[in-house]
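*Asks:* The following file, data_37.cif, comprises mmCIF, C-alpha atoms:
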data_run
#
loop_
_atom_site.label_atom_id
_atom_site.label_comp_id
_atom_site.auth_asym_id
_atom_site.auth_seq_id
_atom_site.Cartn_x
_atom_site.Cartn_y
_atom_site.Cartn_z
CA MET A 1 119.18 51.45 71.80
CA THR A 2 121.85 48.72 71.85
CA PHE A 3 124.22 48.21 74.76
CA ALA A 4 127.13 49.51 72.65
CA ASP A 5 125.36 52.78 71.84
CA ASN A 6 124.07 53.12 75.38
CA LEU A 7 127.47 52.58 76.99
CA GLN A 8 129.08 55.18 74.73
CA ARG A 9 126.43 57.77 75.57
CA ILE A 10 126.53 57.06 79.32
CA ARG A 11 130.32 57.25 79.35
CA LYS A 12 130.38 60.62 77.59
CA ASN A 13 127.62 62.05 79.76
CA ALA A 14 129.57 60.98 82.84
CA GLY A 15 132.67 62.75 81.49
CA PHE A 16 134.87 59.67 81.06
CA THR A 17 137.22 58.94 78.18
CA GLN A 18 137.66 55.39 76.92
CA GLU A 19 141.07 55.29 78.62
CA GLU A 20 139.63 56.35 81.97
CA LEU A 21 136.79 53.84 81.79
CA ALA A 22 139.28 51.13 80.84
CA GLU A 23 141.43 52.02 83.84
CA ARG A 24 138.44 51.85 86.17
CA MET A 25 137.38 48.51 84.73
CA GLU A 26 140.97 47.22 84.74
CA VAL A 27 140.87 46.38 81.03
CA SER A 28 142.57 47.78 77.94
CA ARG A 29 141.24 50.73 75.98
CA GLN A 30 140.78 48.38 73.03
CA ALA A 31 138.39 46.29 75.15
CA VAL A 32 136.23 49.34 75.83
CA SER A 33 136.35 50.26 72.17
CA LYS A 34 135.10 46.79 71.24
CA TRP A 35 132.25 47.08 73.77
CA GLU A 36 131.16 50.39 72.26
CA SER A 37 131.43 49.10 68.69
CA GLY A 38 129.38 46.01 69.51
CA GLN A 39 132.17 43.55 68.76
CA THR A 40 132.25 42.08 72.26
CA PHE A 41 130.14 42.17 75.43
CA PRO A 42 131.56 42.68 78.95
CA GLU A 43 131.34 40.05 81.64
CA LEU A 44 128.67 40.27 84.33
CA ASP A 45 131.03 41.52 87.04
CA LYS A 46 132.16 44.33 84.73
CA LEU A 47 128.52 45.27 84.04
CA ILE A 48 127.80 45.43 87.77
CA ARG A 49 130.83 47.64 88.39
CA MET A 50 129.85 49.97 85.54
CA ALA A 51 126.27 50.23 86.81
CA GLU A 52 127.55 51.20 90.26
CA MET A 53 130.02 53.66 88.82
CA PHE A 54 127.44 55.35 86.56
CA ASN A 55 124.76 55.21 89.28
CA CYS A 56 122.20 53.36 87.17
CA SER A 57 120.57 49.92 87.17
CA LEU A 58 121.77 46.95 85.13
CA ASP A 59 118.54 47.13 83.18
CA GLU A 60 119.20 50.75 82.27
CA LEU A 61 122.78 49.98 81.36
CA VAL A 62 122.08 46.94 79.18
CA ARG A 63 118.72 47.81 77.64
CA GLY A 64 119.20 51.55 77.52
CA GLU A 65 115.82 52.45 78.98
CA ASP A 66 116.21 56.11 79.84
CA SER A 67 119.78 55.38 80.87
CA ALA A 68 121.21 58.52 79.31
CA ALA A 69 118.66 60.64 81.12
CA ALA A 70 119.31 58.78 84.37
CA VAL A 71 123.06 59.44 84.22
CA SER A 72 122.96 63.00 82.96
CA LYS A 73 120.02 64.14 85.08
CA ILE A 74 121.30 66.62 87.62
CA SER A 75 119.06 68.60 89.92
CA ALA A 76 119.02 72.39 89.93
CA GLU A 77 120.19 72.31 93.54
CA GLU A 78 123.26 70.24 92.62
CA GLU A 79 124.13 72.60 89.76
CA ALA A 80 123.69 75.64 92.02
CA ALA A 81 125.85 74.08 94.75
CA PHE A 82 128.55 73.19 92.23
CA ALA A 83 128.53 76.71 90.79
CA GLY A 84 128.78 78.15 94.30
CA TYR A 85 131.61 75.77 95.11
CA CYS A 86 133.60 76.90 92.06
CA GLY A 87 132.96 80.55 92.89
CA VAL A 88 134.05 80.22 96.51
CA LYS A 89 137.17 78.22 95.63
CA MET A 90 138.20 80.66 92.88
CA LYS A 91 137.67 83.63 95.20
CA LEU A 92 139.70 81.92 97.94
CA ALA A 93 142.55 81.16 95.52
CA ARG A 94 142.64 84.72 94.23
CA SER A 95 142.40 86.26 97.70
CA ILE A 96 145.17 84.14 99.20
CA THR A 97 147.40 84.76 96.17
CA LEU A 98 146.76 88.50 96.23
CA GLY A 99 147.40 88.60 99.97
CA VAL A 100 150.75 86.87 99.55
CA PHE A 101 151.63 89.28 96.72
CA LEU A 102 150.82 92.32 98.89
CA ILE A 103 152.92 91.08 101.80
CA LEU A 104 155.94 90.33 99.63
CA LEU A 105 155.51 93.69 97.92
CA GLY A 106 155.71 95.34 101.33
CA VAL A 107 158.85 93.35 102.14
CA THR A 108 160.40 94.52 98.87
CA LEU A 109 159.66 98.14 99.75
CA ILE A 110 161.20 97.69 103.20
CA VAL A 111 164.42 96.36 101.67
CA LEU A 112 164.46 99.12 99.06
CA SER A 113 163.99 101.79 101.76
CA ASP A 114 167.51 101.02 103.04
CA LEU A 115 168.73 103.21 100.19
CA GLY A 116 166.79 106.19 101.50
CA THR A 117 166.61 108.28 104.62
CA GLU A 118 165.18 107.37 108.01
CA THR A 119 161.93 109.05 107.02
CA THR A 120 161.74 106.86 103.93
CA GLN A 121 162.25 103.78 106.08
CA ILE A 122 159.48 104.81 108.44
CA MET A 123 157.10 105.39 105.53
CA ALA A 124 158.04 102.01 104.03
CA THR A 125 157.36 100.31 107.38
CA ALA A 126 153.97 102.02 107.65
CA LEU A 127 153.11 100.95 104.09
CA LEU A 128 154.20 97.39 104.88
CA LEU A 129 151.83 97.29 107.85
CA LEU A 130 148.97 98.57 105.67
CA LEU A 131 149.67 95.92 103.05
CA ILE A 132 149.84 93.22 105.71
CA ALA A 133 146.54 94.43 107.17
CA ALA A 134 144.95 94.27 103.72
CA ALA A 135 146.37 90.78 103.15
CA VAL A 136 145.15 89.46 106.50
CA ALA A 137 141.71 90.94 105.79
CA LEU A 138 141.66 89.05 102.49
CA PHE A 139 142.67 85.84 104.24
CA ILE A 140 139.99 86.18 106.91
CA VAL A 141 137.11 87.29 104.67
CA SER A 142 137.69 84.66 102.00
CA GLY A 143 138.32 81.99 104.64
CA LEU A 144 135.07 82.78 106.46
CA ALA A 145 133.15 82.72 103.17
CA ALA A 146 134.61 79.29 102.41
CA ASP A 147 133.74 78.00 105.90
CA ASN A 148 130.16 79.27 105.63
CA PHE A 149 129.78 77.57 102.27
CA LYS A 150 131.11 74.29 103.68
CA LYS A 151 128.55 74.36 106.49
CA LYS A 152 125.69 74.86 104.05
CA ASN A 153 127.02 72.42 101.43
CA PRO A 154 128.61 69.37 103.11
CA CYS A 155 128.60 67.41 99.85
CA ILE A 156 129.17 68.57 96.26
CA THR A 157 128.43 66.67 93.06
CA ASP A 158 131.55 66.60 90.91
CA LEU A 159 130.50 68.14 87.57
CA PHE A 160 134.00 68.81 86.27
CA PRO A 161 134.56 67.05 82.93
CA ALA A 162 137.34 64.48 83.11
CA GLU A 163 139.09 66.15 80.18
CA GLU A 164 139.16 69.47 82.04
CA LYS A 165 140.72 67.86 85.10
CA SER A 166 143.40 66.05 83.15
CA GLY A 167 144.07 69.22 81.15
CA PHE A 168 144.68 71.23 84.33
CA ASP A 169 147.22 68.67 85.54
CA LYS A 170 149.60 70.03 82.90
CA HIS A 171 149.04 73.60 84.09
CA PHE A 172 149.55 72.49 87.69
CA ALA A 173 152.90 70.87 86.88
CA PHE A 174 153.96 73.97 84.93
CA GLY A 175 152.87 76.26 87.78
CA ILE A 176 154.79 74.36 90.46
CA ALA A 177 157.90 73.94 88.32
CA GLY A 178 157.73 77.52 87.07
CA GLY A 179 157.26 78.87 90.59
CA VAL A 180 160.25 76.98 91.96
CA ALA A 181 162.29 78.09 88.94
CA MET A 182 161.41 81.75 89.59
CA ILE A 183 162.52 81.43 93.22
CA LEU A 184 165.83 79.92 92.14
CA ILE A 185 166.26 82.60 89.47
CA GLY A 186 165.78 85.23 92.16
CA ILE A 187 168.56 83.71 94.26
CA VAL A 188 170.83 83.58 91.20
CA ILE A 189 170.09 87.25 90.47
CA LEU A 190 171.05 88.17 94.04
CA ILE A 191 174.36 86.29 93.81
CA PHE A 192 175.10 87.56 90.29
CA LEU A 193 174.46 91.24 91.08
CA ASP A 194 176.43 91.07 94.32
CA THR A 195 179.49 89.25 93.04
CA VAL A 196 179.77 90.44 89.42
CA PHE A 197 178.43 93.98 89.34
CA PHE A 198 178.84 94.79 93.05
CA VAL A 199 175.38 96.37 93.09
CA ALA A 200 174.04 97.69 96.39
CA GLU A 201 172.69 94.85 98.51
CA ALA A 202 169.25 96.47 98.75
CA VAL A 203 168.92 96.64 94.94
CA SER A 204 170.02 93.05 94.35
CA ALA A 205 167.76 91.87 97.17
CA CYS A 206 164.82 93.67 95.56
CA GLY A 207 165.49 91.95 92.26
CA MET A 208 165.49 88.63 94.04
CA LEU A 209 162.28 89.43 95.93
CA VAL A 210 160.44 90.35 92.73
CA CYS A 211 161.25 86.92 91.27
CA ILE A 212 160.36 85.20 94.53
CA ASN A 213 157.05 87.06 94.68
CA ILE A 214 156.13 85.84 91.21
CA GLY A 215 157.23 82.28 92.00
CA VAL A 216 155.39 82.03 95.31
CA CYS A 217 152.19 83.46 93.83
CA MET A 218 152.34 80.92 90.99
CA ILE A 219 152.74 78.03 93.43
CA VAL A 220 150.00 79.17 95.79
CA TYR A 221 147.51 79.86 93.01
CA VAL A 222 147.90 76.60 91.08
CA ALA A 223 147.90 74.59 94.33
CA MET A 224 144.59 76.11 95.38
CA ILE A 225 143.02 75.69 91.94
CA LYS A 226 144.17 72.07 92.02
CA ASP A 227 142.38 71.72 95.32
CA MET A 228 139.22 73.11 93.69
CA TYR A 229 139.24 70.31 91.12
CA ASN A 230 139.58 67.73 93.89
CA VAL A 231 135.88 67.60 94.78
CA GLU A 232 136.27 64.10 96.19
CA ASN A 233 138.73 65.41 98.75
CA TYR A 234 136.33 68.23 99.66
CA ASN A 235 133.58 65.71 100.39
CA LYS A 236 135.95 63.54 102.43
CA GLU A 237 137.03 66.53 104.50
CA GLN A 238 133.39 67.32 105.21
CA GLU A 239 132.84 63.77 106.40
CA ASN A 240 135.83 64.16 108.73
CA SER A 241 134.45 67.13 110.67
CA ASN A 242 135.27 69.86 108.16
CA GLY A 243 139.03 69.60 107.71
CA PRO A 244 140.92 72.90 107.76
CA ASP A 245 141.99 74.92 104.74
CA TRP A 246 145.69 74.16 104.96
CA SER A 247 146.80 76.60 102.25
CA GLY A 248 145.25 79.57 104.03
CA ALA A 249 146.56 78.38 107.40
CA ILE A 250 150.10 77.95 106.05
CA MET A 251 150.20 81.48 104.64
CA LEU A 252 148.80 82.94 107.89
CA ILE A 253 151.53 81.16 109.85
CA ALA A 254 154.14 82.46 107.40
CA THR A 255 152.81 85.98 107.95
CA ALA A 256 152.95 85.56 111.74
CA VAL A 257 156.54 84.29 111.57
CA PHE A 258 157.54 87.20 109.35
CA LEU A 259 155.98 89.80 111.66
CA ALA A 260 157.45 88.23 114.80
CA CYS A 261 160.97 88.17 113.32
CA GLY A 262 160.61 91.72 112.04
CA PHE A 263 159.16 93.45 115.09
CA LEU A 264 160.90 91.45 117.82
CA PHE A 265 164.34 91.02 116.29
CA GLY A 266 164.45 93.51 113.41
CA LEU A 267 165.07 90.69 110.93
CA TRP A 268 162.79 91.92 108.16
CA HIS A 269 165.26 91.07 105.43
CA PRO A 270 165.92 87.35 106.11
CA ALA A 271 162.40 86.73 107.48
CA TRP A 272 160.84 86.98 104.00
CA VAL A 273 161.95 83.36 103.38
CA ALA A 274 158.82 82.33 105.32
CA PHE A 275 156.72 83.16 102.24
CA PRO A 276 158.51 81.10 99.57
CA ILE A 277 158.66 78.23 102.06
CA GLY A 278 154.95 78.66 102.70
CA GLY A 279 154.18 78.68 98.98
CA ILE A 280 156.13 75.47 98.42
CA LEU A 281 154.41 73.86 101.41
CA CYS A 282 151.01 74.70 99.87
CA GLY A 283 151.94 72.67 96.81
CA VAL A 284 153.33 69.80 98.91
CA VAL A 285 150.23 69.67 101.13
CA ASP A 286 147.95 69.61 98.10
CA SER A 287 149.89 66.68 96.65
CA LEU A 288 149.69 64.78 99.95
CA LYS A 289 145.95 65.45 100.22
CA LYS A 290 145.46 64.06 96.72
CA LYS A 291 147.21 60.80 97.63
CA LYS A 292 145.01 60.11 100.65
#
Write out the structure in this file as C-alpha cells.
*Replies:*
Amino acid sequence: MTFADNLQRIRKNAGFTQEELAERMEVSRQAVSKWESGQTFPELDKLIRMAEMFNCSLDELVRGEDSAAAVSKISAEEEAAFAGYCGVKMKLARSITLGVFLILLGVTLIVLSDLGTETTQIMATALLLLLIAAAVALFIVSGLAADNFKKKNPCITDLFPAEEKSGFDKHFAFGIAGGVAMILIGIVILIFLDTVFFVAEAVSACGMLVCINIGVCMIVYVAMIKDMYNVENYNKEQENSNGPDWSGAIMLIATAVFLACGFLFGLWHPAWVAFPIGGILCGVVDSLKKKK
C-alpha cells in the first residue's frame, strides 16, 4: 500500500475530511489532496504530527503496515463506554427538557386559572406542585445516573464521525436562534393581544407562555445535545475533579427562584421569566465551555 492510499484510508477511518485534516496540518485542502493522489509528499514534521494525531507509528503511516487496522481498531470496552455515554447524555437531555416543559406547563395553568373560581385556582396550584415534583424527580434521577456513569467512565473515546459533528452545528444554531425567536414571538403576542384586541390578561399571558415554553425547551435540548458531542470537554471535566453539569444546575436554580417568588411573595406570574433566562444561560454556558 502506498503512502497516498494509506493516508486516505487512515483519514477516513479516523473520521476526518480533507478540509479538517488540512486545518490540523495548517496547509490547504489542495495540499492534502495532492498527498492522497501521490502527486506530492509531506515534510517530515507534517508526518510526525499526523502520526501523533492518528495514534500510529511513522512506519505504519508511511509504509502502511497494518496502519488501517491500527487506527480503526477499537476495543469492545471503548465501544460499550461510548454507547453508554450517548445513552446517558440523551436521557439527561430529554429529562431536563421534559422537566422544564412540565414546570412551564404548570405556570401556564396557574395564569389561566385566574379566569376561574377560587377552587379552580387551588386545583391549578396543586397541579403545579405535582408537575414541579415530577420535574425535580426527573432532574435528580437523570443527574444521578449521569454522575454514576462519570465515576465509572472517567474517559471516553470520541467515536462521533466528524461529518456528524459538523452537521449538528447547523441544527444547534437553528435551535438556539429558533428558541430565542419563539420567546420574542411570545412577548409580541402578549403585547398584540393586550393592546389591539384587549383580550383578558390571563389569556394573552397564556399565549405568550406557550411560545416561551417551546422556545426554552428548544434551547435547553440543543444545548445539551451539543454538550454530548463535545467528548473532549467531558474528558477535561473528568480530569478536573468531575466538573458539574451546569445545564441541570441552572434549571434547578431557576426552579428554586420560581418557587421562592411564588410561595413567599405570590409572584407566580412574573417569576416564570426565570425559565427562559435559564434556557438561554444553558446555551451561553455550553458555548463558553466549548471555547475553553
*Asks:* Give the answer as one residue: which of A:Val231, A:Ile176, A:Ala249, A:Ala256 has the shortest atom-to-atom distance to Thr157 (chain A), using all atoms listed in the file?
*Replies:*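 Using all atoms listed in the file, the shortest distance to Thr157 (chain A) belongs to A:Val231.
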*Asks:* If you count all atoms listed in the file, which residues fall within 12 Å of Asp45 (chain A), apart from same-chain ones fewer than 6 positions away, as a ChimeraX atom specification?
*Replies:* /A:25-26,51-52,58
*Asks:* Can you give me, as a PyMOL selection string, the residues this file yields under the PyMOL selection byres ((chain A and resi 107) around 9)?
*Replies:* chain A and resi 102-106+108-112+124-125+128+206+209+268-269+272
*Asks:* Please write as an MDAnalysis selection string the full residue list that the PyMOL selection byres ((chain A and resi 277) around 12) yields on this file.
*Replies:* chainID A and resid 100 179:180 183 212:213 215:217 219:220 247 250:251 253:255 257:258 271:276 278:284
*Asks:* So, counting only C-alpha atoms, which residue among A:Ala83, A:Met53, A:Leu21, A:Ile191 is closest to Phe160 (chain A)?
*Replies:*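 Ranking A:Ala83, A:Met53, A:Leu21, A:Ile191 by distance to Phe160 (chain A), first place goes to A:Ala83.
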*Asks:* Could you state the separation of CA of Ala137 (chain A) and CA of Phe168 (chain A) in Å, given to one decimal place?
*Replies:*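 Spanning CA of Ala137 (chain A) to CA of Phe168 (chain A) is a straight-line distance of 29.3 Å.
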*Asks:* Ala4 (chain A): which residues within 8 Å, counting all atoms listed in the file, same-chain residues fewer than 4 positions away excluded, as a list in words?
*Replies:*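 In the requested form, the answer reads Gln8, Trp35, Glu36, Ser37 and Gly38 of chain A.
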*Asks:* For Gly15 (chain A), which residue among A:Asp147, A:Asp158, A:Glu232, A:Glu201 is the nearest when counting only C-alpha atoms?
*Replies:*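 Nearest candidate to Gly15 (chain A) out of A:Asp147, A:Asp158, A:Glu232, A:Glu201: A:Asp158.
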*Asks:* With a distance cut-off of 12 Å and all atoms listed in the file, select the neighbouring residues of region 89-94 of chain A, excluding the residue or stretch itself and same-chain residues fewer than 4 positions from it, and output the selection as a PyMOL selection string.
*Replies:* chain A and resi 82-85+98-101+135+138-147+149-150+217-231+234+245+247-248+251+282
*Asks:* Have a look at CA of Gln39 (chain A) and CA of Asn6 (chain A) and let me know their distance in Å, one decimal.
*Replies:*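 Computing it gives 14.2 Å between the two atoms.
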*Asks:* With only C-alpha atoms as the basis for distance, which of A:Lys152, A:Ala14, A:Ala200, A:Ser28 is at the shortest distance from Asn55 (chain A)?
*Replies:*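 Under the stated criterion, the closest residue is A:Ala14.
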*Asks:* Between CA of Leu159 (chain A) and CA of Ile96 (chain A), what is the distance, to one decimal in Å?
*Replies:*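 Straight-line distance from CA of Leu159 (chain A) to CA of Ile96 (chain A) works out to 24.6 Å.
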